[in-house]
Every structure is written in C-alpha cells, then in structure tokens.
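Trainee: First the structure, which I've put down as structure tokens, then a few questions once you've had a look.
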Amino acid sequence: MEYPDLAQITSYAQLKQLRDDGGLTPAEETLLDMARIGAVTALREKVPKAPDPEVMIRASLLRFVVLGGCPEWPTDVQGISIRGAWIRQDLNLSFGEGVGRLHLRDCQFEGALVTRQFHVAAVVLNRSRFPKGVDLHGSQIAGDMLFREVAVEGGLNLMSARAGGQVDFDGATLLNPGADALNAQGLVVGKAFFWRELAGIDGMVRLTGARFNSLADDAESWAMTPDLMFDGLQFERLSGPTDMEMRLPWLERGAVVDDEFRPHPYAHFADVMRETGHTAEARRVMMEKERLQRAFARRRWRSEGGQGHKVAGSLIADHTQRWLVGYGYQPLRSVAALLVLILIGAFLAHQAWEAGDFAPNAAPVLMSPGWQAVSVGPDQMANPAEVWSGPDQAGRDYETFEAFYYGVDLVIPLVQLGQEKAWAPSTTRGPWGWWLWWIRWWLIAMGWIVTAIGAAAVTGIIRKE
C-alpha cells in the first residue's frame, strides 16, 4: 500500500478519517496507541535502514501527537517516546509547546528537525540520524537535551536555547563542512555541558556567550574540532583536564576571532582555575593572556604602518615584565633575576681580585707608603691588594674583600655592605679589571630596574588577580 505525504493535521476529524480509511501505517497506529497511555513506541532496536510501513511515521502525524493532540484525542502528559522509527518529511515544531518529553531515539529522519522557540520538558535524540540538520534555535527545554551518538549533517543549531538539565554530545558526529557544525551561541545549560568522546566533527563550533554550570570535556574531542569560537563562554566548574599543555592551545583557538584576540576566555578560565584551587594554573593562563594580547597589539600596529616606535617599546616592556616578574603573576622571578645579576658581579669580582686588578677605593690609602710599596715600581706585587690587606701588612684592618658581597653591593640598590665603597677595579692592571669596571654600570642599572619591577609586582602595582 502507498502512504503519501500528509498535510498538517489539526483536528480529530482528520485523524479519524485517516484511521477509518486505513491511511495510517502500522507504525503510526502503534504511535497513536502508545501516545494515549504515555508508553514507549518501540519499533526497532536500531536505526531502521528503509522506510517500511512497520517503522515509518510521517512528520505531520508526529507533530500532531507531540503538540498534545486534540481534546477528543489527547496525548498523555508523559509525552512522546519513540524508538527505531523512520520519520518522513521535515518535522517542524516551531513556536509550539510539547506535552511532557520528546524522546526520538534510534530514529532515521528523511528531512530536518526544526523546533525553533519550542517548549518541552526534555529532548532526547540519542543515536538518531539527521541528514538535513537540527534547528532548536531559542527552544526552552525544562530538563535535558541529549545528543549521545547522534549523527547530524547540515548543522545543529542551539543558538539562544536553554536547557534546565544537561546537554550531552558524548559520541556524537556533527558534519557541516565550511559552515557551522554546532551553533550554540548564547546557549544556557543549567547543569553540565558534555563534550567528550566525539565520533567525528567537521565545521565550525560556536560557543560564544554560552553559559554552563559545568563543562565536562576531553582533549581528544577538542582536538578533532577544526574551527572553534567561544569568546564570552562562561562555566562555573570544569570536569575535564587541567593540563596546561592542552588548555593553552585550546584557549588560543577559541579566543582568536577574525585574527583579533579576545581576552575573555583566558580571564574567565583563570577565574575558574583559581576558584577550584588551581592557583598555579590560573597564573600561567593569565601570563599567556598578557603575552598574546601584547603580541596581537604589535601585529595590528605593524599592519597599520608607521608604528615602529610603539612596536619596539612594547617588545622591550613585554620581555622585561615577562621574564622578570611573569607580567606580575610570578613576582619571585625578580629574586632569581637579582641572584643571577649578583652571581655575574661576584664572578667578575673574583676573577679581577685573583688577577690582581683591585685597589683600595680611598685616595689616602692609594698615596700611603704601604700601598705604594706593593703596587708601584719594579718590586710591585702581582696581586698588591691581596698582599697589602694580608694579616701582617699595612692594610690588615681595612675592609676585607668578599666577591659575593661585592656583587650584592653592585646589584641591590640601597644596600651598603661596604665592599664597593672600599674596593675599586682598575682598568689598567689587567683585562678582568677593565671588564668589571664597565660591566658594573650595567649591573647597577639592571639592579635598579629589577628591584623596582619586583617591588611593584610584590606590592600589587603590577600583579593582578
């Protein structure tokens, strides 16, 4: 028997005429019987491969049942649950209000599922196949929206939709090359959004402005997502990897829109990490945000032309703050930088002392007979400073030389240990003294810079939460 497509059913008279004329498929008769009592219309255990009458349900009749039927033939308050059906035609439920739940599991659709601004208790489409897309734009779902192992070609639209429960894409396949595989901009999820163990995806995934109570994901599913955008995405908890080697590239993919950097994903993710006790990860995320934000600003200035001075200034400030204090998020880096500078100064001072290139830093001492005896003339010593300050010499009560403390005196401002005041490298006795004489000015300048930036970071002038 042939079963032609049906026009929209709106009355009990139309339904009765179809039943009286034998115009309904066996699957449709079963649906009507089960919908009256809220039972599951179980037609097949798996997705049907052909539109046999035993599994074929036409969209017009299904729409009539989903929207509650009519006073003479009301759908049970539990709603519709179908398994293993072949749905003919586009199913359009837009601007309607379903009764109870809408469960369409293991179903094969010929056309699209369109439910714009649709209201229903729950939507479950597990393992169903949609060759022409699914559109739930603006729909209000009181409970869950489940898309486990679903296969959608032509795009899945959840823009501005709302689900009071969870939204689950575990095992899903979303294919729409060159367009949106999933458009979930402005999606609001009361519980968890699951993005795990996806089977396949081709197309853009848009989560801009979406809000979830919890994000449950895995690295593999994001890795197979070719194009990703989630500026403005917000979630309170993360039930997924906190590995920064995975998260930082993920954040960069979602934060760069049309070659412009959007800082919100980084700032929000850092907040989530901090609130859940991952403070080190939060600091690393914010450091990466600072690095990329500055890098994209320089890229924009280069493209505008004539901004060379701004680019150069930004590079200097960027690298200085990055390596010295981690953009203010790791102020203790400045301590390590100071220690490196001190060790450089101490090494040079030690070499200069061993080479005999130091002299007392006091004019009366330099003119004294004791110093003149060991430092001038044919009998001068190879290391006059060491000899002069020896235990049996004239300078034994002078400030004892210590290379490390000399480095501290050079590098740390406002610290006076007496070494730099007492001893000075000579530029004429040997190369080590010459090098130390000139490099000490650089060490002094760097000491001021590092100390100032470190103090600013520690006191909160640079550091951000």
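Following the order of the structure tokens, chains are lettered A, B, ..., residues in each are numbered from 1, and ligands are numbered from 1.
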Env of region 218-220 of chain A: 10 Å cut, atoms = only C-alpha atoms, seq-sep filter 2 positions within chain, self excluded. Answer as a ChimeraX atom specification.

Mentor: /A:194-199,215-216,222-225,239-241,243,246-247,250

Trainee: Need the shell around region 175-183 of chain A: protein/DNA/RNA residues with any atom at most 6 Å away, counting only C-alpha atoms. Skip same-chain ones fewer than 5 positions apart. Format as number ranges by chain?

Mentor: A: 153-159, 201-206

Trainee: When DSSP works through the backbone of this structure, what residues of region 258-386 of chain A end up as helix (DSSP H, G or I), shown as a ChimeraX atom specification?

Mentor: /A:264-275,279-304,308-328,333-354,363-366,369-375,384-386

Trainee: Running DSSP on the backbone, which parts of region 31-262 of chain A land in strand (DSSP E or B), as a ChimeraX atom specification?

Mentor: /A:41-42,56-58,69-70,73-74,79-83,86-88,91-92,97,101-105,108-109,113-114,119-120,122-124,129-130,134-135,140-141,145-146,151-153,156-157,162-163,167-168,173-183,188-195,200-206,211-217,227-229,234-239,256-257,260-261

Trainee: Please provide the set of residues having any atom within 12 Å of Glu149 (chain A), restricted to only C-alpha atoms, with same-chain residues fewer than 4 positions apart removed, written as a list in words.

Mentor: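 Final neighbour list, sorted by chain and number: Val47, Arg105, Asp106, Cys107, Val124, Leu125, Asn126, Arg127, Ser128, Arg129, Phe130, Asp168, Phe169, Asp170, Gly171, Ala172, Thr173, Leu174, Trp195, Arg196, Glu197, Leu198, Ala199, Gly200 and Ile201 of chain A.
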
Trainee: Taking 3 positions as the minimum chain separation for residues in the same chain, which residues sit within 10 Å of Ala192 (chain A) when counting only C-alpha atoms? Answer as a list in words.

Mentor: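 Surrounding residues, per the criterion: Asp144, Ala163, Gly164, Gly165, Gln166, Val167, Asp168, Val189, Trp195, Arg211, Phe212, Asn213, Ser214, Leu215, Ala216, Asp217, Phe235, Glu236, Arg237, Leu238 and Ser239 of chain A.
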
Trainee: Name all residues at most 12 Å from His119 (chain A) (count only C-alpha atoms; drop same-chain ones fewer than 5 positions away) and give them as JSON, numbers by chain.

Mentor: {"A": [66, 67, 93, 94, 95, 96, 97, 98, 99, 100, 101, 102, 136, 137, 138, 139, 140, 141, 142, 143, 161, 162, 163, 164]}

Trainee: Report, in Å to a single decimal, how far apart CA of Gln372 (chain A) and CA of Glu402 (chain A) are.

Mentor: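 Value for the CA of Glu402 (chain A)-CA of Gln372 (chain A) distance: 22.7 Å.
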
Trainee: Measure the distance from CA of Pro265 (chain A) to CA of Val150 (chain A) in Å and round it to one decimal.

Mentor: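 Interatomic distance here is 28.3 Å.
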
Trainee: Neighbouring residues of Leu417 (chain A) were defined as those with any atom within 12 Å, considering only C-alpha atoms; residues of the same chain fewer than 3 positions away were excluded. Please report them as a PDB file with all heavy atoms, in the first residue's frame.

Mentor:
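And here's out.pdb as it stands now:
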ATOM      1  N   GLU A 399      88.748  47.065  55.100  1.00  0.00           N
ATOM      2  CA  GLU A 399      87.604  46.208  54.759  1.00  0.00           C
ATOM      3  C   GLU A 399      88.078  44.962  53.999  1.00  0.00           C
ATOM      4  O   GLU A 399      88.720  45.063  52.949  1.00  0.00           O
ATOM      5  CB  GLU A 399      86.597  46.985  53.891  1.00  0.00           C
ATOM      6  CG  GLU A 399      85.402  46.174  53.429  1.00  0.00           C
ATOM      7  CD  GLU A 399      84.386  45.942  54.532  1.00  0.00           C
ATOM      8  OE1 GLU A 399      84.320  46.765  55.490  1.00  0.00           O
ATOM      9  OE2 GLU A 399      83.665  44.946  54.466  1.00  0.00           O
ATOM     10  N   THR A 400      87.761  43.775  54.554  1.00  0.00           N
ATOM     11  CA  THR A 400      88.144  42.526  53.895  1.00  0.00           C
ATOM     12  C   THR A 400      87.335  42.332  52.614  1.00  0.00           C
ATOM     13  O   THR A 400      86.115  42.522  52.608  1.00  0.00           O
ATOM     14  CB  THR A 400      87.921  41.336  54.833  1.00  0.00           C
ATOM     15  OG1 THR A 400      88.695  41.539  56.014  1.00  0.00           O
ATOM     16  CG2 THR A 400      88.317  40.018  54.171  1.00  0.00           C
ATOM     17  N   PHE A 401      88.008  41.963  51.552  1.00  0.00           N
ATOM     18  CA  PHE A 401      87.298  41.788  50.267  1.00  0.00           C
ATOM     19  C   PHE A 401      86.547  40.452  50.235  1.00  0.00           C
ATOM     20  O   PHE A 401      87.082  39.417  50.631  1.00  0.00           O
ATOM     21  CB  PHE A 401      88.289  41.842  49.104  1.00  0.00           C
ATOM     22  CG  PHE A 401      87.618  41.667  47.760  1.00  0.00           C
ATOM     23  CD1 PHE A 401      87.005  42.730  47.144  1.00  0.00           C
ATOM     24  CD2 PHE A 401      87.591  40.422  47.130  1.00  0.00           C
ATOM     25  CE1 PHE A 401      86.372  42.572  45.916  1.00  0.00           C
ATOM     26  CE2 PHE A 401      86.971  40.252  45.914  1.00  0.00           C
ATOM     27  CZ  PHE A 401      86.358  41.332  45.307  1.00  0.00           C
ATOM     28  N   GLU A 402      85.294  40.507  49.750  1.00  0.00           N
ATOM     29  CA  GLU A 402      84.484  39.302  49.552  1.00  0.00           C
ATOM     30  C   GLU A 402      83.717  39.475  48.247  1.00  0.00           C
ATOM     31  O   GLU A 402      82.886  40.373  48.104  1.00  0.00           O
ATOM     32  CB  GLU A 402      83.516  39.106  50.717  1.00  0.00           C
ATOM     33  CG  GLU A 402      82.516  37.968  50.529  1.00  0.00           C
ATOM     34  CD  GLU A 402      83.176  36.648  50.192  1.00  0.00           C
ATOM     35  OE1 GLU A 402      84.060  36.205  50.969  1.00  0.00           O
ATOM     36  OE2 GLU A 402      82.834  36.080  49.131  1.00  0.00           O
ATOM     37  N   ALA A 403      84.006  38.604  47.276  1.00  0.00           N
ATOM     38  CA  ALA A 403      83.459  38.777  45.920  1.00  0.00           C
ATOM     39  C   ALA A 403      81.934  38.743  45.898  1.00  0.00           C
ATOM     40  O   ALA A 403      81.298  39.546  45.204  1.00  0.00           O
ATOM     41  CB  ALA A 403      84.022  37.689  44.994  1.00  0.00           C
ATOM     42  N   PHE A 404      81.318  37.815  46.641  1.00  0.00           N
ATOM     43  CA  PHE A 404      79.853  37.711  46.597  1.00  0.00           C
ATOM     44  C   PHE A 404      79.207  38.988  47.127  1.00  0.00           C
ATOM     45  O   PHE A 404      78.266  39.524  46.530  1.00  0.00           O
ATOM     46  CB  PHE A 404      79.383  36.505  47.399  1.00  0.00           C
ATOM     47  CG  PHE A 404      77.890  36.341  47.404  1.00  0.00           C
ATOM     48  CD1 PHE A 404      77.222  35.780  46.329  1.00  0.00           C
ATOM     49  CD2 PHE A 404      77.133  36.780  48.488  1.00  0.00           C
ATOM     50  CE1 PHE A 404      75.834  35.649  46.325  1.00  0.00           C
ATOM     51  CE2 PHE A 404      75.746  36.646  48.499  1.00  0.00           C
ATOM     52  CZ  PHE A 404      75.107  36.078  47.407  1.00  0.00           C
ATOM     53  N   TYR A 405      79.701  39.471  48.263  1.00  0.00           N
ATOM     54  CA  TYR A 405      79.118  40.683  48.833  1.00  0.00           C
ATOM     55  C   TYR A 405      79.398  41.908  47.970  1.00  0.00           C
ATOM     56  O   TYR A 405      78.625  42.869  47.964  1.00  0.00           O
ATOM     57  CB  TYR A 405      79.635  40.894  50.259  1.00  0.00           C
ATOM     58  CG  TYR A 405      79.184  39.796  51.196  1.00  0.00           C
ATOM     59  CD1 TYR A 405      80.089  39.121  52.001  1.00  0.00           C
ATOM     60  CD2 TYR A 405      77.844  39.418  51.253  1.00  0.00           C
ATOM     61  CE1 TYR A 405      79.678  38.106  52.849  1.00  0.00           C
ATOM     62  CE2 TYR A 405      77.419  38.405  52.092  1.00  0.00           C
ATOM     63  CZ  TYR A 405      78.343  37.746  52.890  1.00  0.00           C
ATOM     64  OH  TYR A 405      77.930  36.744  53.712  1.00  0.00           O
ATOM     65  N   TYR A 406      80.504  41.873  47.234  1.00  0.00           N
ATOM     66  CA  TYR A 406      80.753  42.946  46.271  1.00  0.00           C
ATOM     67  C   TYR A 406      79.662  42.937  45.197  1.00  0.00           C
ATOM     68  O   TYR A 406      79.161  43.988  44.790  1.00  0.00           O
ATOM     69  CB  TYR A 406      82.133  42.768  45.639  1.00  0.00           C
ATOM     70  CG  TYR A 406      82.541  43.943  44.767  1.00  0.00           C
ATOM     71  CD1 TYR A 406      83.189  45.042  45.309  1.00  0.00           C
ATOM     72  CD2 TYR A 406      82.272  43.940  43.397  1.00  0.00           C
ATOM     73  CE1 TYR A 406      83.561  46.109  44.514  1.00  0.00           C
ATOM     74  CE2 TYR A 406      82.628  45.009  42.602  1.00  0.00           C
ATOM     75  CZ  TYR A 406      83.273  46.092  43.159  1.00  0.00           C
ATOM     76  OH  TYR A 406      83.624  47.161  42.372  1.00  0.00           O
ATOM     77  N   GLY A 407      79.289  41.728  44.724  1.00  0.00           N
ATOM     78  CA  GLY A 407      78.202  41.623  43.754  1.00  0.00           C
ATOM     79  C   GLY A 407      76.885  42.114  44.317  1.00  0.00           C
ATOM     80  O   GLY A 407      76.103  42.789  43.632  1.00  0.00           O
ATOM     81  N   VAL A 408      76.623  41.817  45.603  1.00  0.00           N
ATOM     82  CA  VAL A 408      75.403  42.324  46.250  1.00  0.00           C
ATOM     83  C   VAL A 408      75.418  43.836  46.297  1.00  0.00           C
ATOM     84  O   VAL A 408      74.405  44.499  46.005  1.00  0.00           O
ATOM     85  CB  VAL A 408      75.260  41.730  47.667  1.00  0.00           C
ATOM     86  CG1 VAL A 408      74.098  42.387  48.412  1.00  0.00           C
ATOM     87  CG2 VAL A 408      75.067  40.225  47.603  1.00  0.00           C
ATOM     88  N   ASP A 409      76.549  44.414  46.660  1.00  0.00           N
ATOM     89  CA  ASP A 409      76.657  45.878  46.720  1.00  0.00           C
ATOM     90  C   ASP A 409      76.372  46.519  45.365  1.00  0.00           C
ATOM     91  O   ASP A 409      75.736  47.578  45.284  1.00  0.00           O
ATOM     92  CB  ASP A 409      78.060  46.270  47.184  1.00  0.00           C
ATOM     93  CG  ASP A 409      78.082  46.739  48.631  1.00  0.00           C
ATOM     94  OD1 ASP A 409      76.998  46.812  49.234  1.00  0.00           O
ATOM     95  OD2 ASP A 409      79.173  47.019  49.155  1.00  0.00           O
ATOM     96  N   LEU A 410      76.859  45.890  44.301  1.00  0.00           N
ATOM     97  CA  LEU A 410      76.641  46.440  42.970  1.00  0.00           C
ATOM     98  C   LEU A 410      75.178  46.384  42.549  1.00  0.00           C
ATOM     99  O   LEU A 410      74.646  47.351  41.990  1.00  0.00           O
ATOM    100  CB  LEU A 410      77.485  45.676  41.941  1.00  0.00           C
ATOM    101  CG  LEU A 410      78.982  45.938  41.882  1.00  0.00           C
ATOM    102  CD1 LEU A 410      79.603  45.052  40.813  1.00  0.00           C
ATOM    103  CD2 LEU A 410      79.264  47.405  41.580  1.00  0.00           C
ATOM    104  N   VAL A 411      74.519  45.259  42.807  1.00  0.00           N
ATOM    105  CA  VAL A 411      73.229  44.963  42.167  1.00  0.00           C
ATOM    106  C   VAL A 411      72.037  45.489  42.951  1.00  0.00           C
ATOM    107  O   VAL A 411      71.081  46.005  42.357  1.00  0.00           O
ATOM    108  CB  VAL A 411      73.100  43.437  41.946  1.00  0.00           C
ATOM    109  CG1 VAL A 411      71.690  43.077  41.500  1.00  0.00           C
ATOM    110  CG2 VAL A 411      74.126  42.964  40.926  1.00  0.00           C
ATOM    111  N   ILE A 412      72.061  45.365  44.270  1.00  0.00           N
ATOM    112  CA  ILE A 412      70.870  45.714  45.052  1.00  0.00           C
ATOM    113  C   ILE A 412      70.977  47.164  45.519  1.00  0.00           C
ATOM    114  O   ILE A 412      71.869  47.513  46.307  1.00  0.00           O
ATOM    115  CB  ILE A 412      70.693  44.780  46.254  1.00  0.00           C
ATOM    116  CG1 ILE A 412      70.581  43.333  45.773  1.00  0.00           C
ATOM    117  CG2 ILE A 412      69.454  45.171  47.056  1.00  0.00           C
ATOM    118  CD1 ILE A 412      70.386  42.331  46.881  1.00  0.00           C
ATOM    119  N   PRO A 413      70.079  48.018  45.046  1.00  0.00           N
ATOM    120  CA  PRO A 413      70.117  49.427  45.452  1.00  0.00           C
ATOM    121  C   PRO A 413      69.846  49.569  46.959  1.00  0.00           C
ATOM    122  O   PRO A 413      69.168  48.742  47.576  1.00  0.00           O
ATOM    123  CB  PRO A 413      68.990  50.067  44.638  1.00  0.00           C
ATOM    124  CG  PRO A 413      68.687  49.097  43.556  1.00  0.00           C
ATOM    125  CD  PRO A 413      69.008  47.743  44.100  1.00  0.00           C
ATOM    126  N   LEU A 414      70.373  50.620  47.507  1.00  0.00           N
ATOM    127  CA  LEU A 414      70.135  50.983  48.905  1.00  0.00           C
ATOM    128  C   LEU A 414      70.746  50.005  49.892  1.00  0.00           C
ATOM    129  O   LEU A 414      70.576  50.153  51.104  1.00  0.00           O
ATOM    130  CB  LEU A 414      68.624  51.125  49.190  1.00  0.00           C
ATOM    131  CG  LEU A 414      67.845  52.060  48.253  1.00  0.00           C
ATOM    132  CD1 LEU A 414      66.380  52.097  48.644  1.00  0.00           C
ATOM    133  CD2 LEU A 414      68.441  53.451  48.267  1.00  0.00           C
ATOM    134  N   GLU A 420      81.793  47.848  47.760  1.00  0.00           N
ATOM    135  CA  GLU A 420      82.005  48.766  46.634  1.00  0.00           C
ATOM    136  C   GLU A 420      82.646  50.065  47.109  1.00  0.00           C
ATOM    137  O   GLU A 420      83.457  50.677  46.392  1.00  0.00           O
ATOM    138  CB  GLU A 420      80.677  49.069  45.946  1.00  0.00           C
ATOM    139  CG  GLU A 420      80.833  49.876  44.668  1.00  0.00           C
ATOM    140  CD  GLU A 420      79.508  50.263  44.033  1.00  0.00           C
ATOM    141  OE1 GLU A 420      78.455  50.036  44.673  1.00  0.00           O
ATOM    142  OE2 GLU A 420      79.528  50.794  42.921  1.00  0.00           O
ATOM    143  N   LYS A 421      82.312  50.492  48.328  1.00  0.00           N
ATOM    144  CA  LYS A 421      82.894  51.719  48.867  1.00  0.00           C
ATOM    145  C   LYS A 421      84.382  51.541  49.176  1.00  0.00           C
ATOM    146  O   LYS A 421      85.174  52.484  49.077  1.00  0.00           O
ATOM    147  CB  LYS A 421      82.140  52.110  50.127  1.00  0.00           C
ATOM    148  CG  LYS A 421      82.576  53.435  50.720  1.00  0.00           C
ATOM    149  CD  LYS A 421      81.722  53.783  51.928  1.00  0.00           C
ATOM    150  CE  LYS A 421      82.145  55.115  52.531  1.00  0.00           C
ATOM    151  NZ  LYS A 421      81.332  55.467  53.727  1.00  0.00           N
ATOM    152  N   ALA A 422      84.780  50.297  49.524  1.00  0.00           N
ATOM    153  CA  ALA A 422      86.167  50.059  49.940  1.00  0.00           C
ATOM    154  C   ALA A 422      87.079  49.652  48.798  1.00  0.00           C
ATOM    155  O   ALA A 422      88.285  49.934  48.840  1.00  0.00           O
ATOM    156  CB  ALA A 422      86.197  48.984  51.029  1.00  0.00           C
ATOM    157  N   TRP A 423      86.532  48.998  47.774  1.00  0.00           N
ATOM    158  CA  TRP A 423      87.385  48.444  46.720  1.00  0.00           C
ATOM    159  C   TRP A 423      86.903  48.882  45.336  1.00  0.00           C
ATOM    160  O   TRP A 423      85.712  48.988  45.095  1.00  0.00           O
ATOM    161  CB  TRP A 423      87.380  46.909  46.776  1.00  0.00           C
ATOM    162  CG  TRP A 423      87.930  46.365  48.050  1.00  0.00           C
ATOM    163  CD1 TRP A 423      87.219  45.914  49.128  1.00  0.00           C
ATOM    164  CD2 TRP A 423      89.303  46.234  48.399  1.00  0.00           C
ATOM    165  NE1 TRP A 423      88.047  45.504  50.123  1.00  0.00           N
ATOM    166  CE2 TRP A 423      89.356  45.679  49.704  1.00  0.00           C
ATOM    167  CE3 TRP A 423      90.510  46.531  47.749  1.00  0.00           C
ATOM    168  CZ2 TRP A 423      90.544  45.417  50.360  1.00  0.00           C
ATOM    169  CZ3 TRP A 423      91.698  46.251  48.410  1.00  0.00           C
ATOM    170  CH2 TRP A 423      91.719  45.705  49.695  1.00  0.00           C
TER     171      TRP A 423
END

Trainee: Rounded to one decimal place, report the CA of Ser368 (chain A)-CA of Arg429 (chain A) distance in Å.

Mentor: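 Interatomic distance here is 18.9 Å.
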
Trainee: Could you name the residues that touch Arg440 (chain A) at 10 Å or less, counting only C-alpha atoms, but leaving out those on the same chain fewer than 5 positions away, as a CSV table (one decimal) with N, CA, C and O atoms, in the first residue's frame?

Mentor:
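Result file out-v2.csv:
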chain,number,residue,atom,x,y,z
A,344,ILE,N,76.8,37.1,38.5
A,344,ILE,CA,77.6,37.7,37.5
A,344,ILE,C,78.7,38.7,38.0
A,344,ILE,O,79.9,38.6,37.7
A,345,GLY,N,78.2,39.6,38.9
A,345,GLY,CA,79.1,40.5,39.5
A,345,GLY,C,80.1,39.9,40.4
A,345,GLY,O,81.3,40.3,40.4
A,348,LEU,N,82.8,38.1,38.2
A,348,LEU,CA,83.8,39.1,37.7
A,348,LEU,C,84.7,39.7,38.7
A,348,LEU,O,85.9,39.9,38.5
A,349,ALA,N,84.1,39.9,39.9
A,349,ALA,CA,84.9,40.5,41.0
A,349,ALA,C,85.9,39.5,41.5
A,349,ALA,O,87.1,39.8,41.8
A,407,GLY,N,79.3,41.7,44.7
A,407,GLY,CA,78.2,41.6,43.8
A,407,GLY,C,76.9,42.1,44.3
A,407,GLY,O,76.1,42.8,43.6
A,410,LEU,N,76.9,45.9,44.3
A,410,LEU,CA,76.6,46.4,43.0
A,410,LEU,C,75.2,46.4,42.5
A,410,LEU,O,74.6,47.4,42.0
A,411,VAL,N,74.5,45.3,42.8
A,411,VAL,CA,73.2,45.0,42.2
A,411,VAL,C,72.0,45.5,43.0
A,411,VAL,O,71.1,46.0,42.4
A,425,PRO,N,87.8,48.3,41.0
A,425,PRO,CA,88.6,47.6,39.9
A,425,PRO,C,89.4,48.6,39.1
A,425,PRO,O,89.0,49.7,38.9
A,435,TRP,N,87.0,44.8,32.3
A,435,TRP,CA,85.7,44.3,32.1
A,435,TRP,C,84.7,44.6,33.3
A,435,TRP,O,83.6,45.1,33.1
A,445,ALA,N,72.6,49.4,36.9
A,445,ALA,CA,71.3,49.8,36.2
A,445,ALA,C,70.3,48.7,36.2
A,445,ALA,O,69.1,48.9,36.5
A,446,MET,N,70.7,47.5,35.9
A,446,MET,CA,69.8,46.4,35.9
A,446,MET,C,69.3,46.1,37.3
A,446,MET,O,68.1,45.7,37.5

Trainee: Nearest residue to Glu354 (chain A) out of A:Gly433, A:Asp392, A:Phe261, A:Met367, using only C-alpha atoms?

Mentor: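 Among the listed residues, A:Gly433 lies closest to Glu354 (chain A).
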